[in-house]
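Source file: protein_15.cif. Holds: mmCIF, C-alpha atoms and all ligand atoms.
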data_structure
#
loop_
_atom_site.label_atom_id
_atom_site.label_comp_id
_atom_site.auth_asym_id
_atom_site.auth_seq_id
_atom_site.Cartn_x
_atom_site.Cartn_y
_atom_site.Cartn_z
CA MET A 229 62.98 -3.85 -9.45
CA ALA A 230 60.72 -5.94 -11.60
CA ALA A 231 59.03 -8.82 -9.88
CA LEU A 232 59.91 -12.46 -10.25
CA LEU A 233 57.01 -13.73 -12.32
CA HIS A 234 55.89 -17.18 -11.47
CA GLY A 235 55.24 -19.87 -14.05
CA LEU A 236 51.54 -20.35 -14.27
CA ALA A 237 50.75 -23.27 -16.43
CA GLY A 238 52.51 -26.12 -14.71
CA SER A 239 50.14 -27.03 -11.92
CA MET A 240 46.82 -28.81 -12.10
CA CYS A 241 43.84 -26.50 -12.39
CA LYS A 242 41.97 -26.24 -9.09
CA MET A 243 38.66 -25.86 -10.88
CA CYS A 244 38.71 -28.54 -13.52
CA GLY A 245 41.94 -30.48 -12.93
CA ALA A 246 42.59 -30.37 -16.65
CA SER A 247 45.92 -28.81 -17.49
CA ALA A 248 47.97 -31.97 -17.87
CA TRP A 249 48.44 -31.22 -21.58
CA ARG A 250 50.42 -28.12 -20.63
CA ARG A 251 52.88 -29.37 -18.07
CA GLY A 252 56.11 -28.60 -16.35
CA ASN A 253 56.50 -24.82 -16.61
CA GLU A 254 58.87 -23.63 -13.93
CA GLY A 255 58.79 -19.88 -13.95
CA VAL A 256 59.59 -16.74 -15.89
CA VAL A 257 62.23 -14.24 -14.95
CA ALA A 258 61.24 -10.72 -15.82
CA ASN A 259 64.67 -9.15 -16.12
CA ASP A 260 68.33 -9.84 -15.65
CA ALA A 261 68.63 -8.43 -12.13
CA VAL A 262 65.91 -10.78 -10.96
CA ALA A 263 67.28 -13.65 -13.00
CA ASP A 264 70.56 -13.42 -11.08
CA ASN A 265 68.65 -14.45 -7.97
CA VAL A 266 67.43 -17.65 -9.55
CA THR A 267 69.77 -20.33 -8.35
CA ARG A 268 67.57 -23.38 -8.12
CA VAL A 269 68.64 -26.14 -10.44
CA ILE A 270 66.20 -28.83 -11.46
CA SER A 271 67.72 -32.12 -10.47
CA GLY A 272 67.43 -35.14 -12.71
CA ARG A 273 67.78 -33.13 -15.94
CA ARG A 274 71.12 -33.62 -17.59
CA PRO A 275 72.34 -31.09 -20.13
CA GLY A 276 72.19 -32.05 -23.78
CA PRO A 277 75.00 -32.32 -26.31
CA GLY A 278 77.36 -29.39 -26.62
CA PHE A 279 76.76 -28.38 -23.01
CA ARG A 280 79.83 -27.08 -21.16
CA ALA A 281 78.64 -27.81 -17.67
CA ALA A 282 79.64 -27.37 -14.07
CA GLU A 283 78.02 -28.99 -11.07
CA ALA A 284 75.99 -26.66 -8.83
CA GLU A 285 73.66 -27.25 -5.91
CA GLY A 286 72.91 -30.83 -6.80
CA GLY A 287 72.19 -30.08 -10.44
CA TRP A 288 73.98 -28.75 -13.47
CA ARG A 289 74.59 -25.29 -14.78
CA MET A 290 76.54 -23.91 -17.70
CA ALA A 291 79.85 -22.52 -16.49
CA ASP A 292 80.04 -19.54 -18.86
CA ALA A 293 77.75 -17.26 -20.76
CA VAL A 294 75.77 -19.11 -23.44
CA ARG A 295 77.32 -18.47 -26.88
CA ILE A 296 74.47 -17.38 -29.15
CA GLY A 297 74.26 -17.62 -32.93
CA MET A 298 71.66 -15.33 -34.52
CA ILE A 299 69.95 -17.03 -37.47
CA GLY A 300 68.26 -14.33 -39.53
CA CYS A 301 69.25 -10.73 -38.83
CA GLY A 302 66.18 -8.91 -40.18
CA GLY A 303 63.33 -7.10 -38.47
CA ILE A 304 62.64 -9.04 -35.28
CA ALA A 305 66.35 -9.81 -34.79
CA ARG A 306 66.78 -6.15 -33.76
CA PRO A 307 64.99 -6.38 -30.41
CA HIS A 308 66.43 -9.88 -29.89
CA VAL A 309 69.98 -8.53 -30.27
CA ARG A 310 69.16 -5.64 -27.92
CA GLY A 311 67.94 -8.24 -25.42
CA TRP A 312 71.06 -10.40 -25.69
CA LYS A 313 73.28 -7.36 -25.25
CA SER A 314 71.49 -6.53 -22.00
CA ILE A 315 72.52 -9.83 -20.31
CA PRO A 316 76.28 -10.15 -20.98
CA THR A 317 76.98 -12.40 -18.00
CA LYS A 318 74.41 -14.95 -19.15
CA ALA A 319 74.72 -14.91 -22.91
CA ARG A 320 76.69 -13.27 -25.69
CA ILE A 321 76.26 -13.23 -29.43
CA VAL A 322 79.27 -14.88 -31.06
CA ALA A 323 77.91 -15.54 -34.56
CA GLY A 324 75.24 -14.50 -37.00
CA ALA A 325 73.86 -15.79 -40.29
CA ASP A 326 71.88 -14.05 -42.98
CA VAL A 327 71.70 -14.42 -46.75
CA ASP A 328 71.55 -10.64 -46.99
CA GLU A 329 74.90 -8.80 -46.75
CA GLY A 330 73.30 -5.64 -45.35
CA SER A 331 71.71 -7.59 -42.52
CA ARG A 332 75.00 -9.31 -41.71
CA GLN A 333 76.78 -5.96 -41.61
CA TRP A 334 74.07 -4.55 -39.36
CA LEU A 335 74.83 -7.34 -36.86
CA ARG A 336 78.56 -6.56 -37.06
CA SER A 337 77.78 -2.91 -36.31
CA GLU A 338 76.03 -4.10 -33.12
CA VAL A 339 78.51 -6.84 -32.10
CA SER A 340 82.00 -6.11 -33.37
CA GLU A 341 83.60 -9.53 -32.75
CA VAL A 342 80.80 -11.53 -34.34
CA ARG A 343 81.56 -14.41 -36.76
CA LEU A 344 79.38 -14.02 -39.85
CA HIS A 345 77.92 -16.76 -42.04
CA ASP A 346 75.86 -16.41 -45.20
CA GLY A 347 73.42 -19.24 -44.44
CA PHE A 348 72.04 -20.95 -41.34
CA GLU A 349 73.68 -24.29 -42.16
CA ALA A 350 77.20 -22.85 -41.73
CA LEU A 351 76.29 -21.17 -38.46
CA ILE A 352 74.84 -24.39 -37.07
CA ALA A 353 78.10 -26.17 -37.93
CA ASP A 354 80.10 -23.49 -36.06
CA PRO A 355 81.60 -25.20 -32.96
CA HIS A 356 81.77 -21.85 -31.13
CA VAL A 357 77.97 -21.67 -30.93
CA ASP A 358 76.04 -23.24 -28.01
CA ALA A 359 72.55 -22.03 -28.88
CA VAL A 360 70.75 -20.53 -31.86
CA ASP A 361 68.13 -17.80 -32.00
CA ILE A 362 66.01 -18.47 -35.10
CA CYS A 363 64.47 -15.32 -36.63
CA LEU A 364 63.90 -16.65 -40.15
CA PRO A 365 60.95 -16.51 -42.55
CA HIS A 366 58.38 -19.16 -41.63
CA HIS A 367 59.13 -21.78 -44.30
CA LEU A 368 62.73 -22.13 -42.99
CA HIS A 369 61.88 -22.72 -39.32
CA CYS A 370 61.53 -26.49 -39.58
CA ALA A 371 64.77 -27.07 -41.50
CA ALA A 372 66.75 -24.80 -39.17
CA ILE A 373 65.30 -26.40 -36.02
CA LEU A 374 66.00 -29.94 -37.26
CA ALA A 375 69.58 -29.07 -38.24
CA ALA A 376 70.26 -27.27 -34.94
CA ALA A 377 68.79 -30.11 -32.83
CA GLN A 378 70.82 -32.64 -34.80
CA ALA A 379 73.97 -30.59 -34.08
CA GLY A 380 73.14 -30.41 -30.34
CA LYS A 381 72.50 -26.65 -30.28
CA HIS A 382 69.90 -25.27 -27.89
CA ILE A 383 67.13 -23.42 -29.72
CA LEU A 384 65.05 -20.29 -29.23
CA CYS A 385 62.70 -20.02 -32.22
CA GLU A 386 60.35 -17.25 -33.30
CA LYS A 387 56.72 -18.08 -33.93
CA PRO A 388 55.25 -19.93 -35.73
CA LEU A 389 56.95 -23.19 -34.79
CA CYS A 390 56.66 -24.35 -38.44
CA LEU A 391 54.03 -24.67 -41.15
CA THR A 392 52.40 -28.10 -40.77
CA LEU A 393 51.63 -30.69 -38.10
CA ALA A 394 53.87 -33.17 -39.93
CA GLU A 395 56.77 -30.72 -39.50
CA ALA A 396 55.79 -30.22 -35.84
CA GLN A 397 55.95 -33.99 -35.30
CA GLU A 398 59.43 -34.16 -36.85
CA ILE A 399 60.53 -31.25 -34.66
CA SER A 400 59.13 -32.88 -31.55
CA GLU A 401 60.99 -36.13 -32.23
CA ALA A 402 64.26 -34.31 -33.04
CA VAL A 403 64.13 -32.09 -29.94
CA GLU A 404 63.27 -34.94 -27.61
CA ARG A 405 65.90 -37.25 -29.13
CA SER A 406 68.64 -34.63 -28.86
CA GLY A 407 67.98 -33.53 -25.27
CA ILE A 408 68.54 -29.89 -26.15
CA THR A 409 66.55 -27.03 -24.63
CA PHE A 410 63.90 -25.73 -27.04
CA MET A 411 61.98 -22.56 -26.26
CA ALA A 412 59.14 -21.10 -28.31
CA ALA A 413 59.58 -17.32 -28.52
CA HIS A 414 56.09 -16.50 -27.20
CA ASN A 415 57.08 -13.09 -25.92
CA HIS A 416 53.60 -11.80 -25.03
CA LEU A 417 53.56 -14.29 -22.14
CA MET A 418 56.40 -12.30 -20.56
CA TRP A 419 54.09 -9.31 -20.05
CA SER A 420 53.42 -8.82 -16.38
CA GLY A 421 49.69 -8.30 -17.09
CA VAL A 422 49.34 -11.67 -18.81
CA GLN A 423 51.33 -13.44 -16.10
CA GLU A 424 49.21 -11.90 -13.34
CA ALA A 425 45.92 -12.61 -15.14
CA ALA A 426 46.87 -16.25 -15.60
CA ARG A 427 47.82 -16.51 -11.91
CA ILE A 428 44.47 -15.07 -10.85
CA VAL A 429 42.52 -17.39 -13.16
CA ARG A 430 44.51 -20.41 -12.02
CA ASP A 431 44.08 -19.57 -8.33
CA GLY A 432 40.32 -19.86 -8.82
CA GLN A 433 39.36 -16.74 -6.85
CA LEU A 434 37.01 -15.66 -9.67
CA GLY A 435 35.44 -19.08 -10.22
CA ALA A 436 35.54 -21.16 -13.38
CA PRO A 437 36.37 -19.40 -16.68
CA ILE A 438 33.40 -18.99 -19.02
CA ALA A 439 34.41 -16.56 -21.76
CA LEU A 440 37.89 -15.55 -22.89
CA ARG A 441 38.97 -12.91 -25.37
CA THR A 442 42.37 -11.97 -26.79
CA LEU A 443 43.19 -9.40 -29.45
CA ASP A 444 46.16 -8.30 -31.53
CA CYS A 445 45.20 -5.44 -33.82
CA GLY A 446 47.26 -2.96 -35.80
CA ARG A 447 47.15 -1.35 -39.23
CA THR A 448 50.26 -2.52 -41.04
CA PRO A 449 51.93 0.57 -42.52
CA VAL A 450 53.49 -1.22 -45.50
CA ARG A 451 52.18 -3.45 -48.21
CA PRO A 452 53.79 -6.88 -48.70
CA GLY A 453 55.56 -5.96 -51.95
CA GLN A 454 57.18 -2.80 -50.59
CA PRO A 455 60.83 -2.56 -49.48
CA ARG A 456 60.30 -2.74 -45.71
CA ALA A 457 58.75 -6.14 -46.11
CA GLN A 458 61.76 -7.46 -48.09
CA PRO A 459 62.47 -10.10 -49.16
CA GLY A 460 58.73 -10.20 -49.65
CA TRP A 461 58.25 -13.62 -48.17
CA ARG A 462 55.06 -12.55 -46.38
CA ALA A 463 53.51 -11.96 -49.82
CA ASP A 464 54.32 -15.53 -50.83
CA ARG A 465 51.95 -18.08 -49.35
CA ALA A 466 54.48 -20.93 -49.74
CA ARG A 467 57.01 -19.10 -47.57
CA ALA A 468 54.62 -17.42 -45.13
CA GLY A 469 52.48 -20.54 -44.74
CA GLY A 470 49.34 -18.44 -44.30
CA GLY A 471 48.39 -14.87 -43.62
CA GLU A 472 48.01 -12.68 -40.57
CA LEU A 473 46.59 -15.47 -38.40
CA LEU A 474 49.69 -17.68 -38.67
CA ASP A 475 51.95 -14.65 -38.23
CA THR A 476 50.86 -11.95 -35.76
CA GLY A 477 47.77 -14.02 -34.92
CA TYR A 478 50.00 -16.58 -33.21
CA HIS A 479 50.30 -14.15 -30.26
CA PRO A 480 46.61 -13.96 -29.27
CA VAL A 481 46.28 -17.71 -29.89
CA TYR A 482 49.06 -18.83 -27.54
CA THR A 483 48.00 -16.15 -25.05
CA MET A 484 44.46 -17.53 -24.97
CA LEU A 485 45.70 -21.10 -24.59
CA PHE A 486 47.90 -19.91 -21.70
CA LEU A 487 45.02 -18.13 -19.94
CA ALA A 488 42.53 -20.98 -20.42
CA GLN A 489 42.43 -23.66 -17.80
CA SER A 490 41.74 -26.54 -20.11
CA ALA A 491 42.50 -28.02 -23.51
CA PRO A 492 40.94 -26.68 -26.75
CA THR A 493 38.44 -29.06 -28.32
CA GLU A 494 36.76 -27.21 -31.22
CA VAL A 495 37.64 -24.33 -33.53
CA THR A 496 35.43 -22.15 -35.75
CA ALA A 497 36.82 -19.22 -37.73
CA MET A 498 36.12 -16.56 -40.32
CA ALA A 499 38.62 -14.34 -42.11
CA GLY A 500 38.76 -11.39 -44.48
CA ARG A 501 41.15 -9.08 -46.33
CA TYR A 502 40.45 -5.38 -45.91
CA HIS A 503 43.73 -3.43 -46.08
CA LEU A 504 46.51 -5.59 -47.60
CA THR A 505 44.58 -6.35 -50.75
CA ASP A 506 47.61 -7.83 -52.56
CA LEU A 507 48.28 -10.30 -49.71
CA PRO A 508 47.45 -13.80 -50.98
CA ALA A 509 45.79 -14.60 -47.65
CA GLU A 510 43.74 -13.04 -44.88
CA ASP A 511 44.77 -9.83 -43.13
CA THR A 512 42.09 -10.29 -40.46
CA ALA A 513 40.74 -13.33 -38.61
CA HIS A 514 38.09 -14.07 -35.99
CA VAL A 515 38.57 -17.40 -34.20
CA LEU A 516 36.28 -19.11 -31.69
CA ILE A 517 37.71 -21.88 -29.51
CA ARG A 518 35.69 -24.22 -27.29
CA PHE A 519 37.61 -25.65 -24.33
CA ALA A 520 37.12 -28.98 -22.57
CA ASP A 521 35.80 -27.26 -19.43
CA GLY A 522 33.03 -25.58 -21.47
CA ALA A 523 34.62 -22.12 -21.70
CA ILE A 524 34.61 -20.41 -25.10
CA GLY A 525 37.40 -18.16 -26.34
CA ASN A 526 37.11 -15.42 -28.94
CA ILE A 527 40.17 -14.10 -30.81
CA LEU A 528 40.34 -11.01 -33.04
CA THR A 529 43.58 -10.46 -34.91
CA THR A 530 44.33 -8.09 -37.78
CA TRP A 531 46.77 -6.06 -39.85
CA ALA A 532 43.87 -4.02 -41.23
CA PHE A 533 42.85 -1.72 -38.39
CA ARG A 534 43.99 -0.30 -35.07
CA MET A 535 42.94 -1.74 -31.76
CA PRO A 536 39.17 -1.11 -31.52
CA THR A 537 38.49 1.59 -28.94
CA GLY A 538 37.79 0.46 -25.40
CA ASN A 539 39.06 -3.10 -25.68
CA PRO A 540 41.53 -4.80 -23.37
CA LEU A 541 44.18 -7.03 -25.01
CA PHE A 542 43.03 -10.00 -22.94
CA GLN A 543 39.97 -10.76 -20.85
CA VAL A 544 38.81 -13.79 -18.89
CA VAL A 545 35.22 -13.71 -17.65
CA CYS A 546 34.66 -16.25 -14.88
CA ALA A 547 31.62 -17.34 -12.86
CA ASP A 548 32.33 -14.85 -10.03
CA GLY A 549 34.10 -11.99 -11.78
CA GLU A 550 36.56 -11.14 -14.51
CA VAL A 551 40.14 -10.16 -15.12
CA PHE A 552 41.26 -8.06 -18.09
CA GLY A 553 44.11 -5.85 -19.09
CA ARG A 554 46.92 -4.86 -21.39
CA ASP A 555 50.65 -5.60 -21.33
CA HIS A 556 51.46 -4.06 -17.92
CA THR A 557 48.06 -3.19 -16.47
CA ILE A 558 45.39 -5.39 -15.10
CA ALA A 559 41.88 -4.93 -13.72
CA VAL A 560 39.95 -7.39 -11.59
CA ARG A 561 36.20 -7.31 -11.00
CA GLN A 562 35.04 -9.50 -8.14
CA GLY A 563 31.30 -10.21 -8.24
CA ASP A 564 29.29 -7.02 -8.77
CA ALA A 565 31.99 -4.69 -7.42
CA ALA A 566 33.63 -2.12 -9.67
CA PRO A 567 36.83 -3.34 -11.38
CA VAL A 568 40.04 -2.55 -9.47
CA GLU A 569 42.92 -1.60 -11.76
CA ARG A 570 46.61 -2.13 -11.01
CA THR A 571 49.76 -1.07 -12.84
CA LEU A 572 52.41 -3.77 -12.85
CA PRO A 573 56.15 -3.54 -13.53
CA ALA A 574 56.87 -2.80 -17.18
CA VAL A 575 58.81 -5.58 -18.89
CA ASP A 576 60.57 -5.56 -22.25
CA SER A 577 58.97 -8.81 -23.36
CA ILE A 578 61.70 -9.81 -25.81
CA ALA A 579 64.55 -8.96 -23.43
CA ALA A 580 62.75 -11.01 -20.75
CA GLU A 581 62.24 -13.85 -23.22
CA VAL A 582 65.92 -14.15 -24.19
CA ALA A 583 66.97 -13.87 -20.52
CA HIS A 584 64.57 -16.69 -19.61
CA PHE A 585 65.97 -18.83 -22.43
CA ALA A 586 69.56 -18.20 -21.25
CA ASP A 587 68.54 -19.17 -17.69
CA CYS A 588 66.90 -22.36 -18.89
CA VAL A 589 69.94 -23.38 -20.94
CA ARG A 590 72.38 -22.59 -18.14
CA LEU A 591 70.33 -24.23 -15.40
CA GLY A 592 68.91 -27.14 -17.38
CA GLN A 593 65.32 -25.98 -16.77
CA ARG A 594 62.27 -26.37 -18.96
CA PRO A 595 61.32 -23.06 -20.62
CA LEU A 596 57.88 -21.59 -20.01
CA GLN A 597 56.77 -22.78 -23.45
CA THR A 598 58.42 -25.35 -25.69
CA HIS A 599 57.58 -27.15 -28.94
CA ILE A 600 54.64 -28.72 -27.07
CA GLU A 601 52.73 -25.45 -26.50
CA ALA A 602 53.88 -24.12 -29.89
CA THR A 603 52.41 -27.22 -31.57
CA MET A 604 49.11 -26.69 -29.76
CA ALA A 605 48.94 -23.09 -31.03
CA LEU A 606 49.74 -24.31 -34.56
CA ARG A 607 47.07 -27.03 -34.28
CA VAL A 608 44.45 -24.40 -33.39
CA ILE A 609 45.52 -22.09 -36.23
CA LEU A 610 45.53 -24.86 -38.83
CA ALA A 611 42.09 -25.94 -37.61
CA ALA A 612 40.96 -22.32 -38.00
CA TYR A 613 42.23 -22.27 -41.60
CA ARG A 614 40.32 -25.47 -42.29
CA SER A 615 37.21 -23.98 -40.72
CA ILE A 616 37.58 -20.88 -42.93
CA ALA A 617 38.11 -22.96 -46.09
CA GLU A 618 35.31 -25.45 -45.49
CA GLY A 619 32.83 -23.39 -43.48
CA ILE A 620 32.75 -25.95 -40.67
CA THR A 621 33.58 -26.28 -37.00
CA VAL A 622 36.73 -28.39 -36.66
CA ALA A 623 37.11 -30.82 -33.75
CA LEU A 624 40.58 -31.14 -32.26
CA PRO A 625 41.94 -34.53 -31.15
CA ARG A 626 41.60 -35.13 -27.39
N1 LIG A 701 57.56 -11.73 -31.78
C1 LIG A 701 57.17 -10.80 -32.60
O1 LIG A 701 56.51 -9.84 -32.22
C2 LIG A 701 57.57 -10.89 -34.06
C3 LIG A 701 57.54 -9.74 -34.86
C4 LIG A 701 57.96 -9.84 -36.18
C5 LIG A 701 58.38 -11.06 -36.69
N2 LIG A 701 58.37 -12.17 -35.90
C6 LIG A 701 58.79 -13.48 -36.45
O2 LIG A 701 60.19 -13.42 -36.69
C7 LIG A 701 60.51 -14.18 -37.85
C8 LIG A 701 61.23 -13.28 -38.82
O3 LIG A 701 60.39 -12.21 -39.19
P1 LIG A 701 61.01 -10.80 -39.61
O4 LIG A 701 59.89 -9.83 -39.62
O5 LIG A 701 62.21 -10.49 -38.77
O6 LIG A 701 61.45 -11.11 -41.12
P2 LIG A 701 62.58 -10.38 -41.97
O7 LIG A 701 62.32 -10.71 -43.39
O8 LIG A 701 62.68 -8.95 -41.56
O9 LIG A 701 63.93 -11.12 -41.48
C9 LIG A 701 64.25 -12.44 -41.87
C10 LIG A 701 65.75 -12.49 -42.18
O10 LIG A 701 66.09 -13.84 -42.51
C11 LIG A 701 67.07 -13.76 -43.56
N3 LIG A 701 67.13 -15.04 -44.27
C12 LIG A 701 66.29 -15.51 -45.23
N4 LIG A 701 66.71 -16.75 -45.63
C13 LIG A 701 67.81 -17.05 -44.89
C14 LIG A 701 68.68 -18.18 -44.82
N5 LIG A 701 68.51 -19.26 -45.61
N6 LIG A 701 69.71 -18.16 -43.94
C15 LIG A 701 69.92 -17.06 -43.15
N7 LIG A 701 69.14 -15.96 -43.18
C16 LIG A 701 68.10 -15.97 -44.04
C17 LIG A 701 66.59 -12.60 -44.42
O11 LIG A 701 67.61 -12.11 -45.27
C18 LIG A 701 66.13 -11.61 -43.37
O12 LIG A 701 67.18 -10.72 -42.98
C19 LIG A 701 59.19 -14.74 -38.37
O13 LIG A 701 59.02 -16.01 -37.86
C20 LIG A 701 58.15 -13.79 -37.79
O14 LIG A 701 56.87 -14.37 -37.63
C21 LIG A 701 58.00 -12.09 -34.59
#
Kindly present the structure from the file in structure tokens form.
Ligand SMILES: NC(=O)c1ccc[n+]([C@@H]2O[C@H](COP(=O)([O-])OP(=O)(O)OC[C@H]3O[C@@H](n4cnc5c(N)ncnc54)[C@H](O)[C@@H]3O)[C@@H](O)[C@H]2O)c1
Amino acid sequence: MAALLHGLAGSMCKMCGASAWRRGNEGVVANDAVADNVTRVISGRRPGPGFRAAEAEGGWRMADAVRIGMIGCGGIARPHVRGWKSIPTKARIVAGADVDEGSRQWLRSEVSEVRLHDGFEALIADPHVDAVDICLPHHLHCAAILAAAQAGKHILCEKPLCLTLAEAQEISEAVERSGITFMAAHNHLMWSGVQEAARIVRDGQLGAPIALRTLDCGRTPVRPGQPRAQPGWRADRARAGGGELLDTGYHPVYTMLFLAQSAPTEVTAMAGRYHLTDLPAEDTAHVLIRFADGAIGNILTTWAFRMPTGNPLFQVVCADGEVFGRDHTIAVRQGDAAPVERTLPAVDSIAAEVAHFADCVRLGQRPLQTHIEATMALRVILAAYRSIAEGITVALPR
């Protein structure tokens, strides 16, 4: 059985005492069998609008499975739907929306009783839906989040949160005003290797972090104008909001912020286009982040080439050792000793993500990452774009 993975970012850092900006995470459940054992209900949190609640153990929990509406039934919706179907006692898909008929019919082939809508507005107005799973092109995230929050629907939203900090501010106000549960779909944090690395760094056994590195590299097999990338929104800067860095690059950015023990203060970046030459933006980015505790992080993210040989996906070098690894493996070097490698339970990161969201909605808990952490990742990425455009190091507000 997969392990219960503990939330790692909620407590104060033992080394620098500086994680107040990333507060309140309560824990991640790796799979449904483990999630069934989670019965603790956070007291003092009342469910938001549209919540069909029952009292339990001094708190509140949703009486039935959460009724999910899929918004966008394209590429990433596939593993999301597979995840929802694996937790029928906690959540079930009751509705789906897509402007594309083929995508709507695909959802019906997966969930026979599903109510289909041809736009997200109609799905959000559907009274049979408790929570929405937003898998839309980037430029539609903000409008869909605002409409769903206004309607009192809980929200799981794919990265990026939105395109600008002004949109992020609007989202923050709408989510906090509505009292709904908002979870950022930062699925790489569900990997057991990332969870364990963050626990080790936070526990301080390796000393203070000095140098961090995260990577997400892969050669994209299609070009933006080709059919698999339909409707071609990634080739349109207005709809994509940026290039690889705002898209796949979101993963190594939020992962680095999760592993670091302090707030980012400065960003320097460079970018290039090597493979997707008709993309109106970068397909590769290198980002350096300075943190308040003095540590420096280094991100490499690309659609232009495979993972460079010999690299871990994440690495934190500390004063007295280092921890590094991939999704389900981890290695720890203490002092001058040889690194000790461990294999951890394999986790389907998207199935774990949707199960965690269902738990949070049903139990009234704060998700591992919300609009707050998603805004911080966006802030870093937008600072990186400014650094690339102006050739400067960009200071982040304290
Ligand atoms: N976590 C990950 O690893 C991962 C991987 C891929 C994509 N994503 C994210 O998922 C999101 C979607 O990406 P994708 O690759 O699935 O894109 P996609 O183009 O394959 O799917 C988007 C779907 O939204 C539909 N759509 C467009 N406008 C709509 C509207 N107004 N109402 C309803 N449906 C509408 C499209 O018809 C399409 O089916 C993006 O935010 C992307 O960054 C995450």
If we count only C-alpha atoms, what is near range 314-319 of chain A at a cut-off of 7 Å, once residues fewer than 2 positions away on the same chain are taken out, given as an mmCIF file with C-alpha atoms, keeping the file's coordinate frame?
data_model
loop_
_atom_site.group_PDB
_atom_site.id
_atom_site.type_symbol
_atom_site.label_atom_id
_atom_site.label_comp_id
_atom_site.auth_asym_id
_atom_site.auth_seq_id
_atom_site.Cartn_x
_atom_site.Cartn_y
_atom_site.Cartn_z
ATOM 1 C CA ASP A 260 68.330 -9.840 -15.650
ATOM 2 C CA ALA A 293 77.750 -17.260 -20.760
ATOM 3 C CA VAL A 294 75.770 -19.110 -23.440
ATOM 4 C CA ARG A 295 77.320 -18.470 -26.880
ATOM 5 C CA ILE A 296 74.470 -17.380 -29.150
ATOM 6 C CA ARG A 310 69.160 -5.640 -27.920
ATOM 7 C CA GLY A 311 67.940 -8.240 -25.420
ATOM 8 C CA TRP A 312 71.060 -10.400 -25.690
ATOM 9 C CA ILE A 321 76.260 -13.230 -29.430
ATOM 10 C CA ALA A 583 66.970 -13.870 -20.520
ATOM 11 C CA ALA A 586 69.560 -18.200 -21.250
#
- Who sits within 12 Å of Leu389 in chain A, all atoms listed in the file, same chain under 3 positions skipped, as a PyMOL selection string: chain A and resi 362-374+383-386+392-400+410-414+469+474-475+478+482+597-607+609
May I have the selected residues written with C-alpha atoms, as a compact mmCIF listing (two decimals), in the coordinates of the input?
# COMPACT_ATOMS: atom_id res chain seq x y z
CA ILE A 362 66.01 -18.47 -35.10
CA CYS A 363 64.47 -15.32 -36.63
CA LEU A 364 63.90 -16.65 -40.15
CA PRO A 365 60.95 -16.51 -42.55
CA HIS A 366 58.38 -19.16 -41.63
CA HIS A 367 59.13 -21.78 -44.30
CA LEU A 368 62.73 -22.13 -42.99
CA HIS A 369 61.88 -22.72 -39.32
CA CYS A 370 61.53 -26.49 -39.58
CA ALA A 371 64.77 -27.07 -41.50
CA ALA A 372 66.75 -24.80 -39.17
CA ILE A 373 65.30 -26.40 -36.02
CA LEU A 374 66.00 -29.94 -37.26
CA ILE A 383 67.13 -23.42 -29.72
CA LEU A 384 65.05 -20.29 -29.23
CA CYS A 385 62.70 -20.02 -32.22
CA GLU A 386 60.35 -17.25 -33.30
CA THR A 392 52.40 -28.10 -40.77
CA LEU A 393 51.63 -30.69 -38.10
CA ALA A 394 53.87 -33.17 -39.93
CA GLU A 395 56.77 -30.72 -39.50
CA ALA A 396 55.79 -30.22 -35.84
CA GLN A 397 55.95 -33.99 -35.30
CA GLU A 398 59.43 -34.16 -36.85
CA ILE A 399 60.53 -31.25 -34.66
CA SER A 400 59.13 -32.88 -31.55
CA PHE A 410 63.90 -25.73 -27.04
CA MET A 411 61.98 -22.56 -26.26
CA ALA A 412 59.14 -21.10 -28.31
CA ALA A 413 59.58 -17.32 -28.52
CA HIS A 414 56.09 -16.50 -27.20
CA GLY A 469 52.48 -20.54 -44.74
CA LEU A 474 49.69 -17.68 -38.67
CA ASP A 475 51.95 -14.65 -38.23
CA TYR A 478 50.00 -16.58 -33.21
CA TYR A 482 49.06 -18.83 -27.54
CA GLN A 597 56.77 -22.78 -23.45
CA THR A 598 58.42 -25.35 -25.69
CA HIS A 599 57.58 -27.15 -28.94
CA ILE A 600 54.64 -28.72 -27.07
CA GLU A 601 52.73 -25.45 -26.50
CA ALA A 602 53.88 -24.12 -29.89
CA THR A 603 52.41 -27.22 -31.57
CA MET A 604 49.11 -26.69 -29.76
CA ALA A 605 48.94 -23.09 -31.03
CA LEU A 606 49.74 -24.31 -34.56
CA ARG A 607 47.07 -27.03 -34.28
CA ILE A 609 45.52 -22.09 -36.23
- Query: Using only C-alpha atoms, which of A:Thr442, A:Gln378, A:Thr493, A:Thr557 sits nearest Val545 in chain A?
  - Reply: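 So, comparing all the options, the nearest one is A:Thr442.
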- Message: Under the rule that only C-alpha atoms are counted, which of A:Met418, A:Cys445, A:Ala468, A:Val339 is the nearest residue to Cys390 in chain A?
- Response: A:Ala468
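For the choices A:Leu417, A:Val357, A:Leu443, A:Ala350, the atom-to-atom distance to His584 in chain A is smallest for A:Leu417 when using all atoms listed in the file.
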- Query: Using all atoms listed in the file, what residues lie at most 12 Å away from (44.9, -14.3, -10.8) (file coordinates), given as a PyMOL selection string?
  - Reply: chain A and resi 234+236+420-437+487-489+543-546+549-553+558-562
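Put simply, CA of His514 in chain A is 26.5 Å away from CA of Leu596 in chain A.
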- Item | Distance of CA of Ser406 in chain A from CA of Arg343 in chain A, expressed in Å to one decimal place | 25.3 Å
- Shortest interatomic distance to Gly471 in chain A - which of A:Arg441, A:Arg534, A:His382, A:Arg501, counting all atoms listed in the file: A:Arg501
Work out where the centre of an axis-aligned box around every listed atom of range 465-478 of chain A lies and how long its edges are once 5 Å is added on each side; give both in Å to one decimal as lines of an AutoDock Vina configuration file.
center_x = 51.8
center_y = -16.4
center_z = -41.5
size_x = 20.4
size_y = 19.0
size_z = 26.5
